[in-house]
Structures are given as structure tokens and as C-alpha cells.
Amino acid sequence: MGENTSPTSSTDALRGEEAVNGDIVRPLPLTPVRINHEAGEAIHNIRCSADLQLFGMEQWAVDRTFRDYLFTIGACLDERLTTISELARSDQIRPFSEIVLAEGDRPAPVEDRSLRIGVYPLAANPLHWGHILVGLTVMASMSLDKVVLLIAGADGRKPSMLSADARHRLGRSTIETFRPLFAYSPLALGTDLDGETNFGRLLSLNSRQRMEAFYIAGADHYRRTTARGEPDTIQKLERVVEEQERVGGTRHTISAVFLDREGIERKRGQVTTCLKVHVLPPVPLSFSSTAARQALCKETFSEALVSLPYAYFLGIRAAGLYVGKGE
């Protein structure tokens with residue numbers, strides 16, 4: 001279920017609601033100071049939870065290099081959370097804003113302003129701190145109200161991938177520790193659709209709410225076609241725009257945010273597109289899902305495992321996932 005499935009959110013008591021033509025219209029907050037206080041408290045709790053995750057993994061990371069790696073992750077998290085906290089305190093973003101995250105969810109209250117929502121499709125095979133830092137980096141850099149992490153469903157091209165059910169179960173438990181900054185979406189579960197298609201589906205579920213939507217991806221997808229000549233992110237997103245316009249979805253504007261990767265040089269060729277595109281510098285450190293999977297296949301501890309949140313790592317070990325499977 002999506003984030004907005006609970007009968008009453010923490011801000012429902014702080015904002016008035018009324019039905020207009022069947023829509024729930026939520027006016028601007030009557031008590032912004034109180035709401036900003038709640039956002040600040042939520043971010044404080046996120047910070048404490050992240051610290052506990054890093055501290056837990058530190059008990060395994062006996063090597064000084066591993067500990068330094070964890071320290072850098074913590075410093076990066078703190079910097080981004082501080083920026084986000086300042087944005088919330090000044091009412092530039094409203095993390096408690098709600099959107100529909102899955103088919104069958106109850107309608108979200110319609111706000112009388114345009115929400116700035118990031119959508120980050122990922123395989124989460126496995127989920128690591130790099131994914132979390134990407135989401136927080138884009139949120140802080142682009143002044144987003146929220147980032148939706150949209151975990152992929154099945155992928156016939158990758159038969160060795162962990163099952164979608166397992167990836168969603170583990171990923172959701174970690175993503176929800178970052179509420180209300182992050183929201184987990186199960187929209188792709190039970191499908192083999194790509195991230196761009198599910199991005200379009202998410203927009204369609206929120207057709208009543210004005211939204212500035214930002215599709216988040218690695219800079220290696222900042223191109224029209226792949227090396228094989230198949231459509232890549234730019235071309236796929238243009239199709240999403242065309243589909244939204246075809247069905248009258250004029251309440252949304254669509255942009256793409258690409259992040260460079262640490263230590264990887266990318267040729268910055270000019271890409272012709274109607275989309276508004278933002279390219280952000282890489283997050284510090286190098287994160288690799290492939291390296292993490294290879295490390296999880298072994299019973300010994302290695303540096304790549306330090307990139308995983310501690311509770312997430314324990315969940316994988318407890319379920320016996322990855323071990324002995326190889327890449």
C-alpha cells in the first residue's frame with residue numbers, strides 16, 4: 001500500500017479540507033509554524049535512525065577504511081538533511097504533502113499549489129546508501145516536496161535478480177524510515193514495465209493535482225537511444241509527455257534530473273529534447289549494486305557491504321538471500 005493509505009495523516013488535523021466537484025481540496029496550512037515544526041521533528045527522527053543504521057554496521061566494519069567510509073556517508077546524509085530541514089522550516093517545501101502511490105489507493109487531498117515531486121525508479125537489487133543519497137541530493141538541490149522511490153517489478157532480462165516481492169519488502173522497510181521525505185510506491189509490483197512507463201502511470205494516478213514531476217536517473221541514461229539503438233530515458237520521457245498531452249494531463253510538467261557517477265567520466269554531448277533537463281554532480285563515494293550483490297553471495301564480510309543500511313543487511317542475512325547464488 002502507498003504512503004497515503006492511512007485514514008488520517010499527521011497533518012490532517014492541521015489543515016482544513018472541503019469537497020469541491022468530488023475532489024478533496026486542501027487549502028494552504030493555517031498553522032505553518034506548527035507544520036514546519038512537525039517537519040523538523042520528522043527530519044530529526046530520520047537523522048537519528050540513519051545514525052543507528054551506520055553505528056550498527058560499524059560493529060562489523062573493523063577495518064579503518066570501512067569506518068571512514070561510514071563516516072563519509074554519515075557526513076553526506078547530515079549535510080543533505082540539514083539543507084532539507086532549512087527548506088521545510090522556511091516553507092519552501094512541504095514534505096507532508098500526499099500523492100496517490102498505487103492503484104486502488106484512496107484519492108489524495110488536492111492542494112491549491114503545484115507539488116514538486118521527484119520520482120526515482122530503481123531495481124533495489126540491493127538498495128544501498130547511494131540510492132538514499134541520490135534521493136536526498138535531488139530533493140535538497142531541486143527543492144522538492146517529496147521523492148517517490150519506485151522499485152521495479154520483474155525483469156526478464158535479469159533472471160538472477162532477486163524476486164520482486166523480496167526486493168519490495170526489504171526496500172519498503174528502509175524507505176519508510178525516511179518518511180515523509182521519501183515515499184515507497186508498489187506501482188511496479190506485478191509488472192515488467194520500465195521506470196519511465198511506471199513514471200507515466202504514477203502521473204496518471206494523480207491527474208487532479210498540479211505537479212512538477214522530476215524523473216531521476218543516472219547520467220549514463222542521458223541520451224535518446226542506447227548503444228543498440230533502442231529508446232533510452234530521453235526518448236521514453238518524451239513519449240510520456242505526449243501521452244499526458246493526449247489524455248489531457250495538462251496539470252503536470254515533466255523534467256529529467258541526471259546525476260553523474262563518482263569516478264566515471266561522461267562525454268557531455270548535446271542531446272536534443274523538448275524536456276527540461278538538469279545534470280547534478282555525483283554524490284561522494286562510489287556505490288555499486290553489482291559489488292554489493294557479489295559480496296552478499298559470500299558469507300564473509302567485505303567493504304561493499306558497508307554500503308548497505310544495517311537493518312536492511314540483517315534482513316537479507318536472516319532470509320538467506322543472495323548467499324551462494326553468484327552473480
# chains A, B, ... in the order shown; residues from 1 in each chain; ligands from 1
>>> select_by_dssp(residues="stretch 53-265 of chain A", states="alpha helix (DSSP H)", output="number ranges by chain")
A: 53-58, 64-89, 129-142, 164-175, 195-205, 233-246
>>> residues_around(residues="stretch 302-306 of chain A", least_positions_apart="5", cutoff="10 Å", atoms="only C-alpha atoms", output="ChimeraX atom specification")
/A:54,57-58,60-61,63,65-67,69-70,73,128-129,286-296,313
>>> atom_distance(atom1="atom CA of A:Thr225", atom2="atom CA of A:Ser141")
27.1 Å
>>> closest_residue(among="A:Ile316, A:Leu237, A:Leu205, A:Leu81", to="A:Cys48", atoms="only C-alpha atoms")
A:Leu81
>>> select_by_dssp(residues="stretch 51-271 of chain A", states="strand (DSSP E or B)", output="MDAnalysis selection string")
chainID A and resid 110:111 115:122 146:151 182:185 211:218 225 231 252:259
>>> residues_around(residues="A:Gly171", least_positions_apart="2", cutoff="10 Å", atoms="only C-alpha atoms", output="list in words")
Ala123, Ala124, Asn125, Pro126, Leu127, His128, Leu149, Leu150, Ile151, Asp165, Ala166, Arg167, His168, Arg169, Ser173, Thr174, Ile175, Glu176, Tyr184 and Tyr312 of chain A
>>> write_last_selection(atoms="N, CA and C atoms", output="mmCIF file, in the first residue's frame")
data_model
loop_
_atom_site.group_PDB
_atom_site.id
_atom_site.type_symbol
_atom_site.label_atom_id
_atom_site.label_comp_id
_atom_site.auth_asym_id
_atom_site.auth_seq_id
_atom_site.Cartn_x
_atom_site.Cartn_y
_atom_site.Cartn_z
ATOM 1 N N ALA A 123 16.001 -0.614 -9.233
ATOM 2 C CA ALA A 123 15.797 -2.056 -9.074
ATOM 3 C C ALA A 123 15.864 -2.467 -7.613
ATOM 4 N N ALA A 124 16.670 -1.734 -6.810
ATOM 5 C CA ALA A 124 16.877 -2.089 -5.398
ATOM 6 C C ALA A 124 17.352 -3.530 -5.275
ATOM 7 N N ASN A 125 18.387 -3.851 -6.029
ATOM 8 C CA ASN A 125 18.915 -5.217 -6.056
ATOM 9 C C ASN A 125 20.424 -5.224 -5.792
ATOM 10 N N PRO A 126 20.860 -4.824 -4.573
ATOM 11 C CA PRO A 126 20.046 -4.398 -3.426
ATOM 12 C C PRO A 126 19.961 -2.875 -3.333
ATOM 13 N N LEU A 127 19.161 -2.402 -2.388
ATOM 14 C CA LEU A 127 19.097 -0.983 -2.048
ATOM 15 C C LEU A 127 20.322 -0.640 -1.207
ATOM 16 N N HIS A 128 20.962 0.499 -1.483
ATOM 17 C CA HIS A 128 22.144 0.878 -0.696
ATOM 18 C C HIS A 128 22.125 2.380 -0.396
ATOM 19 N N LEU A 149 10.285 6.675 -4.303
ATOM 20 C CA LEU A 149 11.162 5.604 -4.759
ATOM 21 C C LEU A 149 10.289 4.490 -5.310
ATOM 22 N N LEU A 150 10.428 4.269 -6.597
ATOM 23 C CA LEU A 150 9.561 3.357 -7.333
ATOM 24 C C LEU A 150 10.372 2.107 -7.679
ATOM 25 N N ILE A 151 10.251 1.081 -6.840
ATOM 26 C CA ILE A 151 11.028 -0.149 -7.022
ATOM 27 C C ILE A 151 10.462 -0.959 -8.181
ATOM 28 N N ASP A 165 9.020 -9.512 -4.998
ATOM 29 C CA ASP A 165 8.420 -9.485 -3.665
ATOM 30 C C ASP A 165 9.470 -9.219 -2.598
ATOM 31 N N ALA A 166 10.613 -9.895 -2.695
ATOM 32 C CA ALA A 166 11.675 -9.722 -1.708
ATOM 33 C C ALA A 166 12.271 -8.324 -1.787
ATOM 34 N N ARG A 167 12.511 -7.839 -3.009
ATOM 35 C CA ARG A 167 13.093 -6.507 -3.165
ATOM 36 C C ARG A 167 12.161 -5.425 -2.640
ATOM 37 N N HIS A 168 10.870 -5.583 -2.888
ATOM 38 C CA HIS A 168 9.901 -4.597 -2.408
ATOM 39 C C HIS A 168 9.771 -4.659 -0.885
ATOM 40 N N ARG A 169 9.721 -5.867 -0.338
ATOM 41 C CA ARG A 169 9.569 -5.996 1.115
ATOM 42 C C ARG A 169 10.754 -5.368 1.847
ATOM 43 N N SER A 173 10.831 -1.361 3.831
ATOM 44 C CA SER A 173 11.148 -1.196 5.251
ATOM 45 C C SER A 173 12.196 -0.114 5.468
ATOM 46 N N THR A 174 13.127 0.023 4.532
ATOM 47 C CA THR A 174 14.152 1.067 4.645
ATOM 48 C C THR A 174 13.624 2.418 4.200
ATOM 49 N N ILE A 175 12.922 2.442 3.076
ATOM 50 C CA ILE A 175 12.397 3.704 2.544
ATOM 51 C C ILE A 175 11.483 4.384 3.552
ATOM 52 N N GLU A 176 10.674 3.606 4.253
ATOM 53 C CA GLU A 176 9.715 4.211 5.172
ATOM 54 C C GLU A 176 10.358 4.803 6.419
ATOM 55 N N TYR A 184 7.405 5.265 -0.543
ATOM 56 C CA TYR A 184 7.551 3.996 -1.271
ATOM 57 C C TYR A 184 6.344 3.787 -2.172
ATOM 58 N N TYR A 312 18.693 -3.377 6.839
ATOM 59 C CA TYR A 312 18.477 -3.974 5.521
ATOM 60 C C TYR A 312 19.417 -5.167 5.331
#
>>> closest_residue(among="A:Ser207, A:Gln92, A:Gln53, A:Ser163", to="A:Lys146", atoms="only C-alpha atoms")
A:Gln92
>>> closest_residue(among="A:Gln235, A:His221, A:Phe214, A:Val134", to="A:Arg80", atoms="only C-alpha atoms")
A:Val134
>>> closest_residue(among="A:Thr83, A:Ser49, A:Thr272, A:Thr253", to="A:Ile117", atoms="only C-alpha atoms")
A:Thr253
>>> atom_distance(atom1="atom CA of A:Leu122", atom2="atom CA of A:Thr233")
13.3 Å
>>> residues_around(residues="A:Met211", least_positions_apart="3", cutoff="8 Å", atoms="only C-alpha atoms", output="PDB file with C-alpha atoms, in the first residue's frame")
ATOM      1  CA  SER A 114       1.829  22.742  -7.690  1.00  0.00           C
ATOM      2  CA  LEU A 115       3.657  19.956  -5.866  1.00  0.00           C
ATOM      3  CA  ARG A 116       7.309  19.369  -6.717  1.00  0.00           C
ATOM      4  CA  ILE A 117       7.726  15.599  -6.730  1.00  0.00           C
ATOM      5  CA  ARG A 251      -1.630  19.725 -14.843  1.00  0.00           C
ATOM      6  CA  HIS A 252       1.840  18.202 -14.914  1.00  0.00           C
ATOM      7  CA  THR A 253       5.175  19.500 -16.108  1.00  0.00           C
TER       8      THR A 253
END
>>> closest_residue(among="A:Leu162, A:Leu133, A:Ala39, A:Ala154", to="A:Ala319", atoms="only C-alpha atoms")
A:Leu162
>>> residues_around(residues="A:Glu299", least_positions_apart="2", cutoff="7 Å", atoms="only C-alpha atoms", output="list in words")
Cys297, Phe301 and Val323 of chain A
>>> atom_distance(atom1="atom CA of A:Gly200", atom2="atom CA of A:Glu243")
8.2 Å
>>> closest_atom_pairs(of="stretch 177-244 of chain A", to="stretch 96-106 of chain A", cutoff="6 Å", atoms="only C-alpha atoms", output="tab-separated table")
residue	atom	partner	partner_atom	distance
A:Pro180	CA	A:Phe96	CA	5.8
A:Ser185	CA	A:Leu101	CA	5.2
A:Leu187	CA	A:Ala102	CA	5.0
>>> closest_residue(among="A:Ile84, A:Leu308, A:Ala75, A:Leu193", to="A:Met142", atoms="only C-alpha atoms")
A:Ile84
>>> residues_around(residues="A:Leu285", least_positions_apart="6", cutoff="10 Å", atoms="only C-alpha atoms", output="MDAnalysis selection string")
chainID A and resid 69 72:73 76 130 261:263 307
>>> write_last_selection(atoms="N, CA and C atoms", output="tab-separated table (two decimals), in the first residue's frame")
chain	number	residue	atom	x	y	z
A	69	TYR	N	34.61	5.12	5.52
A	69	TYR	CA	33.56	5.09	4.51
A	69	TYR	C	32.21	5.40	5.15
A	72	THR	N	31.93	9.07	6.14
A	72	THR	CA	31.64	9.94	5.00
A	72	THR	C	30.17	9.85	4.61
A	73	ILE	N	29.62	8.66	4.65
A	73	ILE	CA	28.18	8.51	4.38
A	73	ILE	C	27.38	9.34	5.37
A	76	CYS	N	27.59	13.06	4.62
A	76	CYS	CA	26.78	13.40	3.44
A	76	CYS	C	25.30	13.45	3.79
A	130	GLY	N	23.88	4.68	-1.50
A	130	GLY	CA	23.98	5.51	-2.69
A	130	GLY	C	22.62	5.92	-3.20
A	261	ARG	N	28.17	9.96	-12.00
A	261	ARG	CA	28.64	8.96	-11.03
A	261	ARG	C	30.10	9.23	-10.68
A	262	GLU	N	30.40	9.08	-9.41
A	262	GLU	CA	31.75	9.32	-8.91
A	262	GLU	C	32.75	8.43	-9.63
A	263	GLY	N	33.82	9.06	-10.16
A	263	GLY	CA	34.90	8.31	-10.78
A	263	GLY	C	34.64	7.85	-12.19
A	307	SER	N	28.06	-0.43	2.29
A	307	SER	CA	27.16	0.48	1.57
A	307	SER	C	25.69	0.20	1.87
>>> residues_around(residues="A:Gly153", least_positions_apart="6", cutoff="6 Å", atoms="only C-alpha atoms", output="PDB file with N, CA and C atoms, in the first residue's frame")
ATOM      1  N   ALA A 164      10.858  -9.868  -7.093  1.00  0.00           N
ATOM      2  CA  ALA A 164      10.269  -8.552  -6.872  1.00  0.00           C
ATOM      3  C   ALA A 164       9.670  -8.449  -5.471  1.00  0.00           C
ATOM      4  N   ALA A 188       5.017  -0.746  -9.485  1.00  0.00           N
ATOM      5  CA  ALA A 188       5.621  -1.642 -10.478  1.00  0.00           C
ATOM      6  C   ALA A 188       5.480  -3.119 -10.121  1.00  0.00           C
ATOM      7  N   LEU A 189       5.090  -3.396  -8.888  1.00  0.00           N
ATOM      8  CA  LEU A 189       4.990  -4.786  -8.439  1.00  0.00           C
ATOM      9  C   LEU A 189       3.956  -5.526  -9.281  1.00  0.00           C
ATOM     10  N   GLY A 190       4.340  -6.700  -9.776  1.00  0.00           N
ATOM     11  CA  GLY A 190       3.443  -7.478 -10.613  1.00  0.00           C
ATOM     12  C   GLY A 190       3.501  -7.111 -12.087  1.00  0.00           C
ATOM     13  N   THR A 191       4.443  -6.226 -12.445  1.00  0.00           N
ATOM     14  CA  THR A 191       4.614  -5.829 -13.848  1.00  0.00           C
ATOM     15  C   THR A 191       6.075  -6.017 -14.244  1.00  0.00           C
ATOM     16  N   ASP A 192       6.325  -5.911 -15.544  1.00  0.00           N
ATOM     17  CA  ASP A 192       7.700  -5.898 -16.040  1.00  0.00           C
ATOM     18  C   ASP A 192       7.964  -4.596 -16.791  1.00  0.00           C
TER      19      ASP A 192
END
>>> decode(residues="stretch 237-250 of chain A", atoms="C-alpha atoms", output="CSV table (one decimal), in the first residue's frame")
chain,number,residue,atom,x,y,z
A,237,LEU,CA,10.1,10.5,-21.3
A,238,GLU,CA,9.1,12.4,-24.4
A,239,ARG,CA,6.6,9.7,-25.1
A,240,VAL,CA,5.3,10.1,-21.5
A,241,VAL,CA,4.8,13.8,-22.2
A,242,GLU,CA,3.0,13.0,-25.5
A,243,GLU,CA,0.7,10.5,-23.7
A,244,GLN,CA,-0.1,13.0,-20.9
A,245,GLU,CA,-1.0,15.6,-23.5
A,246,ARG,CA,-3.1,13.1,-25.5
A,247,VAL,CA,-5.3,12.3,-22.5
A,248,GLY,CA,-5.4,16.0,-21.4
A,249,GLY,CA,-3.0,15.7,-18.5
A,250,THR,CA,-2.0,19.4,-18.6
